[in-house]
>>> print(open('target02.txt').read())   # compact mmCIF, C-alpha atoms
# COMPACT_ATOMS: atom_id res chain seq x y z
CA MET A 1 18.11 -12.47 -34.62
CA PRO A 2 20.21 -11.48 -37.61
CA CYS A 3 23.68 -10.21 -36.83
CA LEU A 4 24.75 -7.71 -39.51
CA LEU A 5 28.36 -6.71 -39.98
CA ILE A 6 29.18 -3.23 -41.27
CA LYS A 7 32.36 -2.00 -42.87
CA ASP A 8 32.52 1.50 -44.39
CA LYS A 9 28.70 1.81 -44.53
CA ARG A 10 28.45 -1.49 -46.38
CA LEU A 11 26.95 -4.73 -45.22
CA VAL A 12 29.59 -7.48 -45.23
CA LYS A 13 30.02 -11.04 -43.98
CA THR A 14 33.16 -12.64 -42.60
CA VAL A 15 34.42 -16.18 -42.07
CA ASN A 16 36.24 -16.77 -38.76
CA PHE A 17 36.40 -12.96 -38.43
CA LYS A 18 38.36 -12.72 -41.71
CA ASN A 19 37.81 -11.90 -45.38
CA PRO A 20 34.77 -9.60 -45.25
CA ALA A 21 32.69 -10.19 -48.39
CA TYR A 22 30.39 -7.45 -49.69
CA ILE A 23 26.69 -8.22 -49.23
CA GLY A 24 24.80 -5.00 -49.94
CA ASP A 25 23.18 -1.93 -48.42
CA PRO A 26 22.44 -2.30 -44.68
CA ILE A 27 19.34 -0.08 -44.79
CA ASN A 28 17.74 -2.27 -47.44
CA ALA A 29 18.48 -5.33 -45.38
CA VAL A 30 16.79 -3.75 -42.33
CA LYS A 31 13.67 -2.95 -44.35
CA ILE A 32 13.46 -6.56 -45.44
CA TYR A 33 13.93 -7.80 -41.88
CA ASN A 34 11.01 -5.60 -40.74
CA ASP A 35 8.77 -7.69 -42.99
CA LYS A 36 10.37 -10.94 -41.89
CA GLU A 37 9.41 -10.03 -38.32
CA VAL A 38 12.76 -10.68 -36.73
CA ASP A 39 12.79 -10.49 -32.97
CA GLU A 40 15.83 -8.31 -32.68
CA LEU A 41 18.63 -6.98 -34.84
CA VAL A 42 22.33 -6.84 -34.05
CA VAL A 43 24.56 -4.47 -36.03
CA LEU A 44 28.32 -4.63 -35.53
CA ASP A 45 30.82 -2.26 -37.08
CA ILE A 46 33.78 -4.57 -37.55
CA ILE A 47 36.44 -1.93 -38.11
CA ALA A 48 35.53 0.95 -35.80
CA SER A 49 37.45 -0.48 -32.86
CA LYS A 50 40.22 -2.05 -34.86
CA ASN A 51 41.08 1.14 -36.74
CA ASN A 52 40.38 3.33 -33.76
CA SER A 53 37.92 5.23 -35.95
CA ASP A 54 34.82 7.07 -34.82
CA ILE A 55 31.34 5.62 -34.61
CA ASP A 56 29.34 6.25 -37.78
CA PHE A 57 26.42 7.91 -36.01
CA GLU A 58 24.89 9.01 -39.30
CA LEU A 59 24.57 5.45 -40.55
CA ILE A 60 23.30 4.18 -37.21
CA LYS A 61 20.64 6.88 -37.18
CA ASP A 62 19.50 5.79 -40.65
CA ILE A 63 19.38 2.15 -39.62
CA ALA A 64 17.50 2.91 -36.38
CA SER A 65 14.89 5.00 -38.19
CA GLU A 66 14.00 2.01 -40.40
CA CYS A 67 14.09 -0.57 -37.64
CA PHE A 68 10.86 -1.39 -35.77
CA MET A 69 12.37 -4.04 -33.60
CA PRO A 70 14.94 -3.85 -30.84
CA LEU A 71 18.32 -2.84 -32.19
CA ALA A 72 21.69 -3.59 -30.67
CA TYR A 73 24.85 -1.88 -31.89
CA GLY A 74 28.52 -2.55 -31.28
CA GLY A 75 31.76 -1.15 -32.63
CA GLY A 76 34.02 1.71 -31.62
CA VAL A 77 32.18 2.59 -28.38
CA ARG A 78 34.65 4.28 -26.06
CA THR A 79 32.99 6.84 -23.79
CA VAL A 80 29.85 7.21 -21.67
CA ASN A 81 28.89 9.95 -24.10
CA ASP A 82 29.04 7.41 -26.96
CA PHE A 83 26.49 5.27 -25.09
CA GLN A 84 24.28 8.29 -24.51
CA LYS A 85 24.37 9.27 -28.17
CA LEU A 86 23.56 5.75 -29.34
CA TYR A 87 20.53 5.42 -27.04
CA ALA A 88 19.29 8.81 -28.19
CA LEU A 89 19.44 7.54 -31.78
CA GLY A 90 17.11 4.66 -30.92
CA ILE A 91 19.60 1.93 -30.12
CA GLU A 92 18.15 -0.38 -27.49
CA LYS A 93 21.37 -2.04 -26.42
CA VAL A 94 24.99 -1.08 -26.82
CA ILE A 95 27.44 -3.91 -27.31
CA VAL A 96 31.00 -3.54 -26.05
CA ASN A 97 33.98 -5.78 -26.59
CA THR A 98 37.34 -3.98 -26.86
CA LEU A 99 36.18 -1.45 -24.26
CA LEU A 100 35.86 -4.25 -21.70
CA ILE A 101 39.64 -4.49 -21.78
CA ASP A 102 40.58 -0.91 -22.61
CA ASN A 103 38.37 0.85 -20.11
CA PRO A 104 36.03 -1.40 -18.10
CA LEU A 105 35.06 1.43 -15.73
CA VAL A 106 33.33 3.22 -18.60
CA VAL A 107 31.22 0.09 -19.13
CA LYS A 108 30.39 -0.06 -15.44
CA GLU A 109 29.42 3.58 -15.36
CA ALA A 110 27.26 3.19 -18.48
CA ALA A 111 25.49 0.14 -17.01
CA TYR A 112 24.78 2.11 -13.85
CA LYS A 113 23.68 5.25 -15.61
CA PHE A 114 21.56 3.78 -18.41
CA GLY A 115 20.44 0.55 -16.76
CA ASN A 116 22.28 -2.75 -17.06
CA GLN A 117 19.69 -4.11 -19.51
CA SER A 118 21.01 -1.63 -22.08
CA VAL A 119 24.62 -2.79 -21.98
CA VAL A 120 25.75 -6.04 -23.59
CA ALA A 121 29.22 -7.49 -23.19
CA SER A 122 30.50 -9.28 -26.25
CA ILE A 123 33.08 -11.99 -25.77
CA ASP A 124 34.74 -13.80 -28.63
CA ILE A 125 36.01 -17.24 -27.81
CA LYS A 126 38.39 -19.45 -29.67
CA ARG A 127 39.31 -23.00 -28.83
CA SER A 128 43.02 -23.57 -28.29
CA LYS A 129 44.93 -26.48 -29.76
CA GLU A 130 44.22 -28.30 -26.51
CA ASN A 131 40.52 -27.53 -27.11
CA LYS A 132 40.45 -25.10 -24.18
CA PHE A 133 38.24 -22.00 -24.36
CA GLU A 134 40.34 -18.86 -24.80
CA ILE A 135 39.47 -15.19 -25.13
CA PHE A 136 40.05 -13.80 -28.60
CA SER A 137 41.24 -10.21 -28.63
CA HIS A 138 40.65 -7.84 -31.52
CA SER A 139 43.32 -5.38 -30.58
CA LYS A 140 45.96 -8.10 -30.96
CA ARG A 141 46.74 -7.71 -27.30
CA GLU A 142 47.13 -10.88 -25.34
CA ILE A 143 44.51 -11.36 -22.68
CA GLU A 144 46.43 -13.24 -20.09
CA MET A 145 43.55 -13.86 -17.81
CA ASP A 146 41.93 -17.23 -18.16
CA PHE A 147 38.45 -17.43 -19.53
CA GLU A 148 36.58 -17.86 -16.26
CA LYS A 149 38.44 -15.07 -14.52
CA TYR A 150 37.74 -12.78 -17.45
CA LEU A 151 34.06 -13.68 -17.34
CA ALA A 152 33.95 -12.95 -13.61
CA CYS A 153 35.53 -9.51 -14.17
CA ILE A 154 32.94 -8.73 -16.82
CA LEU A 155 30.01 -9.82 -14.67
CA ASP A 156 31.40 -7.53 -11.98
CA LEU A 157 30.69 -4.58 -14.29
CA ASN A 158 26.96 -5.29 -13.85
CA ILE A 159 26.18 -5.55 -17.53
CA GLY A 160 22.80 -6.99 -18.48
CA GLU A 161 23.53 -9.55 -21.17
CA LEU A 162 26.32 -11.51 -22.84
CA PHE A 163 26.89 -11.86 -26.59
CA ILE A 164 29.06 -14.94 -27.02
CA THR A 165 30.65 -15.59 -30.40
CA SER A 166 32.57 -18.69 -31.31
CA VAL A 167 35.39 -17.48 -33.54
CA ASP A 168 35.96 -20.99 -34.88
CA ASN A 169 32.34 -21.38 -35.94
CA GLU A 170 31.69 -17.82 -37.18
CA GLY A 171 30.83 -17.96 -40.89
CA ALA A 172 31.72 -21.65 -41.00
CA TRP A 173 28.18 -23.08 -41.40
CA ASN A 174 28.88 -25.87 -38.93
CA GLY A 175 26.34 -25.10 -36.20
CA TYR A 176 26.70 -23.27 -32.89
CA ASP A 177 29.29 -24.30 -30.34
CA ASN A 178 26.60 -25.71 -28.05
CA GLU A 179 29.13 -27.03 -25.60
CA LEU A 180 30.59 -23.56 -25.08
CA LEU A 181 27.16 -21.93 -24.72
CA SER A 182 25.83 -24.55 -22.27
CA TYR A 183 28.95 -24.17 -20.22
CA ILE A 184 28.67 -20.38 -19.96
CA ASN A 185 24.93 -20.55 -19.34
CA LYS A 186 25.57 -22.72 -16.28
CA ILE A 187 27.96 -20.26 -14.67
CA VAL A 188 26.19 -16.95 -15.30
CA ASP A 189 22.71 -15.79 -14.34
CA ILE A 190 22.26 -13.08 -16.97
CA PRO A 191 20.77 -13.68 -20.44
CA ILE A 192 23.04 -14.92 -23.21
CA ILE A 193 22.89 -14.45 -26.98
CA GLY A 194 24.75 -17.25 -28.75
CA ASN A 195 26.48 -16.44 -32.03
CA GLY A 196 28.54 -18.16 -34.67
CA GLY A 197 28.01 -21.08 -37.01
CA CYS A 198 24.26 -21.29 -37.58
CA SER A 199 23.54 -23.06 -40.85
CA THR A 200 20.06 -24.56 -40.51
CA ASN A 201 16.79 -24.03 -38.66
CA LYS A 202 17.66 -27.13 -36.71
CA ASP A 203 20.86 -25.49 -35.43
CA LEU A 204 18.70 -22.66 -34.11
CA THR A 205 16.16 -24.94 -32.47
CA ASN A 206 18.95 -26.98 -30.91
CA VAL A 207 20.87 -24.04 -29.48
CA LEU A 208 17.72 -22.50 -28.02
CA TYR A 209 16.37 -25.67 -26.45
CA GLU A 210 19.56 -27.49 -25.50
CA THR A 211 21.98 -24.88 -24.17
CA GLY A 212 19.69 -22.64 -22.13
CA VAL A 213 20.68 -19.46 -23.96
CA GLN A 214 17.88 -16.89 -24.27
CA ALA A 215 18.59 -15.93 -27.86
CA ALA A 216 20.67 -16.83 -30.85
CA ALA A 217 22.14 -14.69 -33.61
CA ILE A 218 22.48 -15.75 -37.22
CA GLY A 219 24.97 -14.21 -39.64
CA SER A 220 25.65 -16.08 -42.86
CA MET A 221 22.26 -17.77 -42.86
CA ALA A 222 20.53 -14.36 -42.75
CA VAL A 223 22.38 -12.98 -45.78
CA TYR A 224 23.20 -15.96 -48.02
CA GLN A 225 21.01 -18.54 -49.73
CA LYS A 226 23.31 -21.34 -48.68
CA LYS A 227 26.98 -21.94 -48.08
CA ASP A 228 29.02 -20.73 -51.09
CA MET A 229 25.91 -19.35 -52.78
CA GLY A 230 24.56 -15.89 -53.63
CA VAL A 231 23.26 -13.14 -51.38
CA LEU A 232 19.72 -13.50 -50.05
CA ILE A 233 18.41 -11.48 -47.12
CA ARG A 234 16.29 -13.97 -45.25
CA PHE A 235 15.11 -15.12 -41.86
CA PRO A 236 13.42 -18.33 -40.77
CA ARG A 237 9.75 -18.18 -39.84
CA ARG A 238 9.10 -18.13 -36.13
CA ASN A 239 6.95 -21.25 -36.14
CA GLN A 240 9.76 -23.21 -37.78
CA ILE A 241 11.99 -22.61 -34.77
CA ILE A 242 9.90 -22.07 -31.67
CA LYS A 243 7.91 -24.91 -30.17
CA ASP A 244 4.89 -24.67 -27.86
CA GLU A 245 3.12 -21.83 -29.60
CA MET B 1 -0.86 16.98 -32.47
CA ILE B 2 0.91 14.25 -30.53
CA TYR B 3 3.82 15.38 -28.37
CA ILE B 4 6.57 13.05 -27.24
CA VAL B 5 8.13 14.39 -24.06
CA ASP B 6 11.88 14.81 -24.38
CA TYR B 7 13.42 14.94 -20.92
CA GLY B 8 16.81 13.65 -21.92
CA LEU B 9 16.07 9.95 -21.55
CA GLY B 10 15.32 7.22 -24.01
CA ASN B 11 14.83 6.48 -27.64
CA LEU B 12 12.37 9.10 -28.78
CA ALA B 13 13.19 8.92 -32.48
CA SER B 14 11.96 5.35 -32.84
CA ILE B 15 8.49 6.27 -31.53
CA LYS B 16 8.22 9.17 -33.94
CA ASN B 17 9.49 6.97 -36.79
CA MET B 18 6.91 4.30 -36.14
CA PHE B 19 4.13 6.91 -36.20
CA LYS B 20 5.52 8.13 -39.52
CA HIS B 21 5.58 4.57 -40.83
CA ILE B 22 1.87 4.11 -40.04
CA GLY B 23 0.97 7.47 -41.59
CA VAL B 24 0.64 9.64 -38.47
CA ARG B 25 2.59 12.77 -39.35
CA ASP B 26 1.62 15.21 -36.61
CA VAL B 27 4.15 14.13 -34.03
CA ILE B 28 6.60 16.46 -32.30
CA ILE B 29 9.41 15.68 -29.88
CA SER B 30 9.69 18.48 -27.35
CA SER B 31 10.90 19.42 -23.89
CA ASN B 32 9.36 22.86 -24.04
CA ASN B 33 6.54 23.61 -21.55
CA GLU B 34 4.77 26.08 -23.84
CA GLU B 35 4.83 23.59 -26.71
CA LEU B 36 3.63 20.72 -24.54
CA ALA B 37 0.78 22.88 -23.25
CA LYS B 38 -0.66 22.73 -26.80
CA ALA B 39 -0.58 18.95 -27.03
CA ASP B 40 -3.73 16.97 -27.92
CA LYS B 41 -2.01 13.79 -26.84
CA ILE B 42 1.17 13.13 -24.92
CA ILE B 43 3.61 10.25 -24.81
CA LEU B 44 6.03 9.99 -21.90
CA PRO B 45 8.78 7.54 -22.88
CA GLY B 46 11.94 6.82 -20.92
CA VAL B 47 14.47 4.19 -20.04
CA GLY B 48 16.74 3.78 -17.05
CA ALA B 49 16.52 4.39 -13.34
CA PHE B 50 13.45 5.80 -11.57
CA ASP B 51 15.14 8.62 -9.66
CA ASN B 52 17.09 9.61 -12.74
CA GLY B 53 13.76 9.88 -14.59
CA MET B 54 12.05 11.98 -11.90
CA SER B 55 15.06 14.25 -11.48
CA HIS B 56 15.18 14.80 -15.24
CA LEU B 57 11.49 15.75 -15.23
CA MET B 58 12.28 18.23 -12.44
CA LYS B 59 15.34 19.54 -14.20
CA TYR B 60 13.31 20.24 -17.34
CA ASP B 61 10.60 21.73 -15.10
CA LEU B 62 7.94 19.55 -16.73
CA ILE B 63 6.00 18.13 -13.79
CA ASP B 64 3.39 20.92 -13.48
CA THR B 65 2.67 20.85 -17.20
CA LEU B 66 2.34 17.06 -17.29
CA ASN B 67 0.02 17.08 -14.25
CA LYS B 68 -2.11 19.76 -15.85
CA LYS B 69 -2.38 17.92 -19.18
CA ALA B 70 -3.05 14.48 -17.70
CA ILE B 71 -5.24 15.30 -14.70
CA ILE B 72 -7.01 18.58 -15.47
CA GLU B 73 -7.22 18.69 -19.28
CA LYS B 74 -7.41 14.90 -19.47
CA VAL B 75 -5.66 14.56 -22.82
CA PRO B 76 -4.88 10.97 -23.87
CA PHE B 77 -1.59 10.24 -22.17
CA LEU B 78 0.65 7.22 -22.70
CA GLY B 79 3.63 6.33 -20.53
CA ILE B 80 6.04 3.78 -21.97
CA CYS B 81 8.44 1.69 -19.87
CA LEU B 82 10.02 4.07 -17.33
CA GLY B 83 7.37 6.59 -18.39
CA MET B 84 4.74 4.17 -17.05
CA GLN B 85 6.65 3.57 -13.83
CA LEU B 86 6.96 7.32 -13.19
CA MET B 87 3.15 7.47 -13.07
CA THR B 88 3.17 5.39 -9.88
CA LYS B 89 3.69 6.71 -6.35
CA GLY B 90 7.29 5.56 -6.10
CA SER B 91 9.77 2.82 -6.78
CA GLU B 92 11.86 0.37 -4.79
CA GLU B 93 14.62 1.55 -7.11
CA GLY B 94 14.71 5.09 -5.74
CA LYS B 95 13.79 7.57 -3.06
CA LEU B 96 11.92 10.20 -5.06
CA ASN B 97 8.15 10.37 -5.28
CA GLY B 98 6.59 9.48 -8.62
CA LEU B 99 3.88 11.45 -10.39
CA GLY B 100 1.34 9.43 -8.38
CA TRP B 101 -1.40 9.25 -11.00
CA PHE B 102 -2.00 5.59 -10.22
CA ASP B 103 -2.42 4.05 -6.80
CA ALA B 104 0.51 1.80 -7.59
CA GLU B 105 4.11 1.10 -6.71
CA THR B 106 7.10 0.13 -8.84
CA ILE B 107 8.64 -3.07 -7.58
CA LYS B 108 11.76 -5.09 -8.36
CA PHE B 109 11.40 -8.58 -9.81
CA LYS B 110 12.36 -11.18 -7.23
CA PRO B 111 15.08 -13.47 -8.55
CA LEU B 112 13.19 -16.74 -8.34
CA ASP B 113 14.64 -20.02 -9.52
CA GLY B 114 15.82 -19.69 -13.09
CA LEU B 115 14.21 -16.30 -13.60
CA LYS B 116 16.64 -13.92 -15.26
CA ILE B 117 16.55 -10.22 -14.53
CA PRO B 118 16.07 -7.94 -16.37
CA HIS B 119 12.99 -9.36 -18.03
CA MET B 120 14.28 -8.79 -21.54
CA GLY B 121 12.77 -9.92 -24.79
CA TRP B 122 9.40 -10.67 -26.33
CA ASN B 123 6.52 -11.79 -24.19
CA TYR B 124 2.77 -12.20 -24.50
CA ILE B 125 0.11 -10.03 -22.92
CA LYS B 126 -3.28 -11.03 -21.61
CA SER B 127 -6.01 -8.44 -21.80
CA LYS B 128 -8.30 -8.21 -18.79
CA ASN B 129 -11.13 -7.20 -21.07
CA LYS B 130 -12.02 -9.39 -24.01
CA ASP B 131 -12.66 -6.37 -26.19
CA ASN B 132 -9.75 -4.09 -25.60
CA TYR B 133 -9.69 -0.88 -27.62
CA PHE B 134 -6.02 -1.27 -28.60
CA LEU B 135 -6.14 -4.87 -29.79
CA GLU B 136 -7.41 -6.45 -32.99
CA LYS B 137 -9.70 -9.41 -32.45
CA ASN B 138 -8.25 -12.90 -32.90
CA LYS B 139 -4.67 -11.67 -32.95
CA LYS B 140 -2.22 -13.00 -30.42
CA TYR B 141 -0.16 -10.09 -29.21
CA ARG B 142 3.44 -10.16 -28.08
CA PHE B 143 5.63 -7.19 -27.27
CA TYR B 144 9.22 -6.34 -26.54
CA PHE B 145 10.08 -5.85 -22.86
CA VAL B 146 13.25 -4.63 -21.16
CA HIS B 147 12.89 -3.97 -17.43
CA SER B 148 14.01 -5.02 -13.97
CA TYR B 149 11.12 -3.31 -12.18
CA TYR B 150 7.39 -3.63 -12.73
CA VAL B 151 4.27 -1.74 -11.74
CA LYS B 152 1.89 -3.16 -9.17
CA CYS B 153 -1.53 -1.52 -9.03
CA LYS B 154 -3.53 -1.51 -5.81
CA GLU B 155 -6.79 -1.10 -7.72
CA GLU B 156 -7.52 -4.13 -9.87
CA GLU B 157 -9.67 -2.00 -12.19
CA ASP B 158 -6.60 0.01 -13.26
CA VAL B 159 -5.01 -3.10 -14.78
CA MET B 160 -5.38 -3.38 -18.57
CA PHE B 161 -2.93 -6.17 -19.56
CA THR B 162 -1.00 -8.72 -17.57
CA THR B 163 2.11 -10.63 -18.60
CA ASN B 164 3.58 -13.75 -17.12
CA TYR B 165 7.14 -13.64 -15.90
CA GLY B 166 7.57 -15.77 -12.81
CA GLY B 167 3.91 -14.95 -12.12
CA ASP B 168 1.57 -12.41 -13.67
CA PHE B 169 2.54 -8.75 -13.45
CA HIS B 170 0.71 -5.64 -14.66
CA SER B 171 2.15 -4.97 -18.13
CA ALA B 172 -0.33 -2.23 -19.07
CA ILE B 173 -2.49 0.00 -16.93
CA ASN B 174 -5.27 2.46 -17.60
CA LYS B 175 -7.27 5.01 -15.67
CA ASP B 176 -9.53 7.35 -17.61
CA ASN B 177 -7.35 9.10 -20.22
CA ILE B 178 -4.06 7.80 -18.84
CA TYR B 179 -2.35 4.67 -20.14
CA GLY B 180 0.88 3.03 -19.08
CA MET B 181 2.66 0.26 -20.97
CA GLN B 182 5.70 -1.55 -19.66
CA PHE B 183 6.63 -2.91 -23.10
CA HIS B 184 7.94 -0.93 -26.06
CA PRO B 185 5.32 -0.61 -28.82
CA GLU B 186 7.87 1.27 -30.96
CA LYS B 187 10.08 -1.81 -31.00
CA SER B 188 7.33 -4.40 -31.38
CA LEU B 189 6.79 -4.59 -35.14
CA HIS B 190 3.14 -4.63 -36.24
CA PHE B 191 1.95 -5.46 -32.73
CA GLY B 192 3.23 -2.08 -31.58
CA MET B 193 1.95 -0.34 -34.69
CA ASP B 194 -1.58 -1.41 -33.74
CA ILE B 195 -1.14 0.23 -30.34
CA LEU B 196 0.25 3.54 -31.64
CA ASP B 197 -2.35 3.63 -34.40
CA LYS B 198 -5.18 3.24 -31.87
CA PHE B 199 -3.58 5.77 -29.53
CA SER B 200 -3.41 8.33 -32.36
CA LYS B 201 -7.16 7.83 -32.89
CA LEU B 202 -8.19 8.31 -29.26
>>> encode(input="target02.txt", output="structure tokens")
Amino acid sequence: MPCLLIKDKRLVKTVNFKNPAYIGDPINAVKIYNDKEVDELVVLDIIASKNNSDIDFELIKDIASECFMPLAYGGGVRTVNDFQKLYALGIEKVIVNTLLIDNPLVVKEAAYKFGNQSVVASIDIKRSKENKFEIFSHSKREIEMDFEKYLACILDLNIGELFITSVDNEGAWNGYDNELLSYINKIVDIPIIGNGGCSTNKDLTNVLYETGVQAAAIGSMAVYQKKDMGVLIRFPRRNQIIKDE
Amino acid sequence: MIYIVDYGLGNLASIKNMFKHIGVRDVIISSNNEELAKADKIILPGVGAFDNGMSHLMKYDLIDTLNKKAIIEKVPFLGICLGMQLMTKGSEEGKLNGLGWFDAETIKFKPLDGLKIPHMGWNYIKSKNKDNYFLEKNKKYRFYFVHSYYVKCKEEEDVMFTTNYGGDFHSAINKDNIYGMQFHPEKSLHFGMDILDKFSKL
């Protein structure tokens, strides 16, 4: 699935969560993805939580109305009412990240109220200098808990799915962190979407067949021709990735 | 005129938008009994928990109208996801009685080895009849599913499609004018457009 990043109504793409580069109009991208037959679309507002700004419901409504595939949205979600409004706009799944730390009980209540399949917990993971997995926080707050404890706390909220992003690989065109994804897949029994680093169809095939994750998101590869080249909204054909059809 | 029942649950806009995309303009989202009484066709969508769904139908005072339209007037009626489950007699998920239009129960997936719950994502359907009204010939259909509970019909003849997820379950059901689909046609690209197009022509 493509993972689209939004900043001020514009489609952008980052590298290691930094330096958002302008790509184009998100609605146009969605229309193109409808024809590419993508399985699912992820839209993340990368500044709504950081700047403590409100969710751009207007834009989300426009995206949802053009999107005939499941749509997941994350960014700036703070209250149960935010969840409710997003589902009413046609969002299939709401993705939370900062809220998991700021107010986990809201996530738990939303998962109970709207069904846990509609709530996705996003965790960003960075490798430390010692190559240990560490939680990356957007609000610049230290998360002192170790990675496994944090994961256990999140699973306790009864969310339906995990969206795991490797900060080191995000936008880096060096493939998924398969080791990280395999590791998490072994300790949780809910579906996982792997994200960060996809550069080729082979990366996709590998992550899907070798790590046990249910789905994989692509960022750069869905909006650029190649590394360091121009914008091209694209998506690999299903039969190039999925075996046994 | 197709009416989509708004009882405070689920993504109604996407269904209406897909109809618009395939050129079906006469679609109204409503929770008003008098409006719904005029419907030629009805879609009952919904996501979430069973009891929450039934109590919302009660809160909006819609049950009598829906019974009248589906059972007495026999207008084409499509339940999607929770909307399908509400047509059964009841669910393991809750205590309230369902609408009871099908001799069926709503049951929780058993967590078998390696089977993740909810069943979430795209999956294939198998039609019980070779020539199903909703399906184009020689096209392999897959749809988007998100659910932890599934419908189990007692009468085999009510089953329209089955889907394999740790064994076959009933992914679409039909009795006379009433249809239930566990998957989301409105989120299933051209596969779903075929379904809504055929429903609009019933």
>>> residues_around(input="target02.txt", residues="B:Leu44", least_positions_apart="2", cutoff="6 Å", atoms="only C-alpha atoms", output="PyMOL selection string")
chain B and resi 5+79+83
>>> closest_atom_pairs(input="target02.txt", of="stretch 46-82 of chain A", to="stretch 94-109 of chain A", cutoff="8 Å", atoms="all atoms listed in the file", output="CSV")
residue,atom,partner,partner_atom,distance
A:Ser49,CA,A:Thr98,CA,6.9
A:Ala72,CA,A:Val94,CA,5.7
A:Tyr73,CA,A:Val94,CA,5.1
A:Gly74,CA,A:Ile95,CA,4.3
A:Gly75,CA,A:Val96,CA,7.0
A:Val77,CA,A:Val96,CA,6.7
A:Arg78,CA,A:Leu99,CA,6.2
A:Thr79,CA,A:Val106,CA,6.3
A:Val80,CA,A:Val106,CA,6.1
>>> closest_residue(input="target02.txt", among="A:Glu144, A:Gly212, A:Ile233, A:Ala217", to="B:Leu115", atoms="all atoms listed in the file")
A:Gly212
>>> residues_around(input="target02.txt", residues="B:Lys20", least_positions_apart="4", cutoff="12 Å", atoms="all atoms listed in the file", output="list in words")
Ser65, Glu66 and Phe68 of chain A; Ile2, Ala13, Ser14, Ile15, Lys16, Val24, Arg25, Asp26, Val27, Ile28, Glu186, Met193, Leu196, Asp197 and Ser200 of chain B
>>> write_last_selection(input="target02.txt", atoms="C-alpha atoms", output="compact mmCIF listing (two decimals), keeping the file's coordinate frame")
# COMPACT_ATOMS: atom_id res chain seq x y z
CA SER A 65 14.89 5.00 -38.19
CA GLU A 66 14.00 2.01 -40.40
CA PHE A 68 10.86 -1.39 -35.77
CA ILE B 2 0.91 14.25 -30.53
CA ALA B 13 13.19 8.92 -32.48
CA SER B 14 11.96 5.35 -32.84
CA ILE B 15 8.49 6.27 -31.53
CA LYS B 16 8.22 9.17 -33.94
CA VAL B 24 0.64 9.64 -38.47
CA ARG B 25 2.59 12.77 -39.35
CA ASP B 26 1.62 15.21 -36.61
CA VAL B 27 4.15 14.13 -34.03
CA ILE B 28 6.60 16.46 -32.30
CA GLU B 186 7.87 1.27 -30.96
CA MET B 193 1.95 -0.34 -34.69
CA LEU B 196 0.25 3.54 -31.64
CA ASP B 197 -2.35 3.63 -34.40
CA SER B 200 -3.41 8.33 -32.36
>>> interface_residues(input="target02.txt", of="chain A", to="chain B", cutoff="8 Å", atoms="all atoms listed in the file", output="list of chain:residue names")
A:Asn34, A:Glu37, A:Asp39, A:Ala64, A:Ser65, A:Glu66, A:Cys67, A:Phe68, A:Met69, A:Pro70, A:Tyr87, A:Ala88, A:Leu89, A:Gly90, A:Ile91, A:Glu92, A:Lys113, A:Phe114, A:Gly115, A:Gln117, A:Gly160, A:Asp189, A:Ile190, A:Pro191
>>> residues_around(input="target02.txt", residues="A:Ile55", least_positions_apart="3", cutoff="12 Å", atoms="all atoms listed in the file", output="list of chain:residue names")
A:Ile6, A:Lys7, A:Asp8, A:Lys9, A:Leu44, A:Asp45, A:Ile46, A:Ile47, A:Ala48, A:Ser49, A:Lys50, A:Asn51, A:Asn52, A:Glu58, A:Leu59, A:Ile60, A:Lys61, A:Tyr73, A:Gly74, A:Gly75, A:Gly76, A:Val77, A:Arg78, A:Thr79, A:Asn81, A:Asp82, A:Phe83, A:Lys85, A:Leu86
>>> decode(input="target02.txt", residues="stretch 68-85 of chain B", atoms="C-alpha atoms", output="mmCIF file, in the first residue's frame")
data_model
loop_
_atom_site.group_PDB
_atom_site.id
_atom_site.type_symbol
_atom_site.label_atom_id
_atom_site.label_comp_id
_atom_site.auth_asym_id
_atom_site.auth_seq_id
_atom_site.Cartn_x
_atom_site.Cartn_y
_atom_site.Cartn_z
ATOM 1 C CA LYS B 68 -41.729 -3.316 6.857
ATOM 2 C CA LYS B 69 -39.500 -2.493 3.873
ATOM 3 C CA ALA B 70 -37.577 -5.769 3.886
ATOM 4 C CA ILE B 71 -40.255 -8.292 4.840
ATOM 5 C CA ILE B 72 -43.599 -6.835 3.739
ATOM 6 C CA GLU B 73 -42.738 -4.542 0.812
ATOM 7 C CA LYS B 74 -39.800 -6.747 -0.162
ATOM 8 C CA VAL B 75 -37.639 -3.959 -1.574
ATOM 9 C CA PRO B 76 -34.086 -5.003 -2.520
ATOM 10 C CA PHE B 77 -32.184 -4.735 0.731
ATOM 11 C CA LEU B 78 -28.423 -4.999 1.218
ATOM 12 C CA GLY B 79 -26.699 -5.281 4.579
ATOM 13 C CA ILE B 80 -22.963 -4.620 4.594
ATOM 14 C CA CYS B 81 -20.589 -5.860 7.304
ATOM 15 C CA LEU B 82 -22.305 -5.190 10.656
ATOM 16 C CA GLY B 83 -25.444 -4.459 8.630
ATOM 17 C CA MET B 84 -25.358 -8.090 7.456
ATOM 18 C CA GLN B 85 -24.738 -9.412 10.957
#
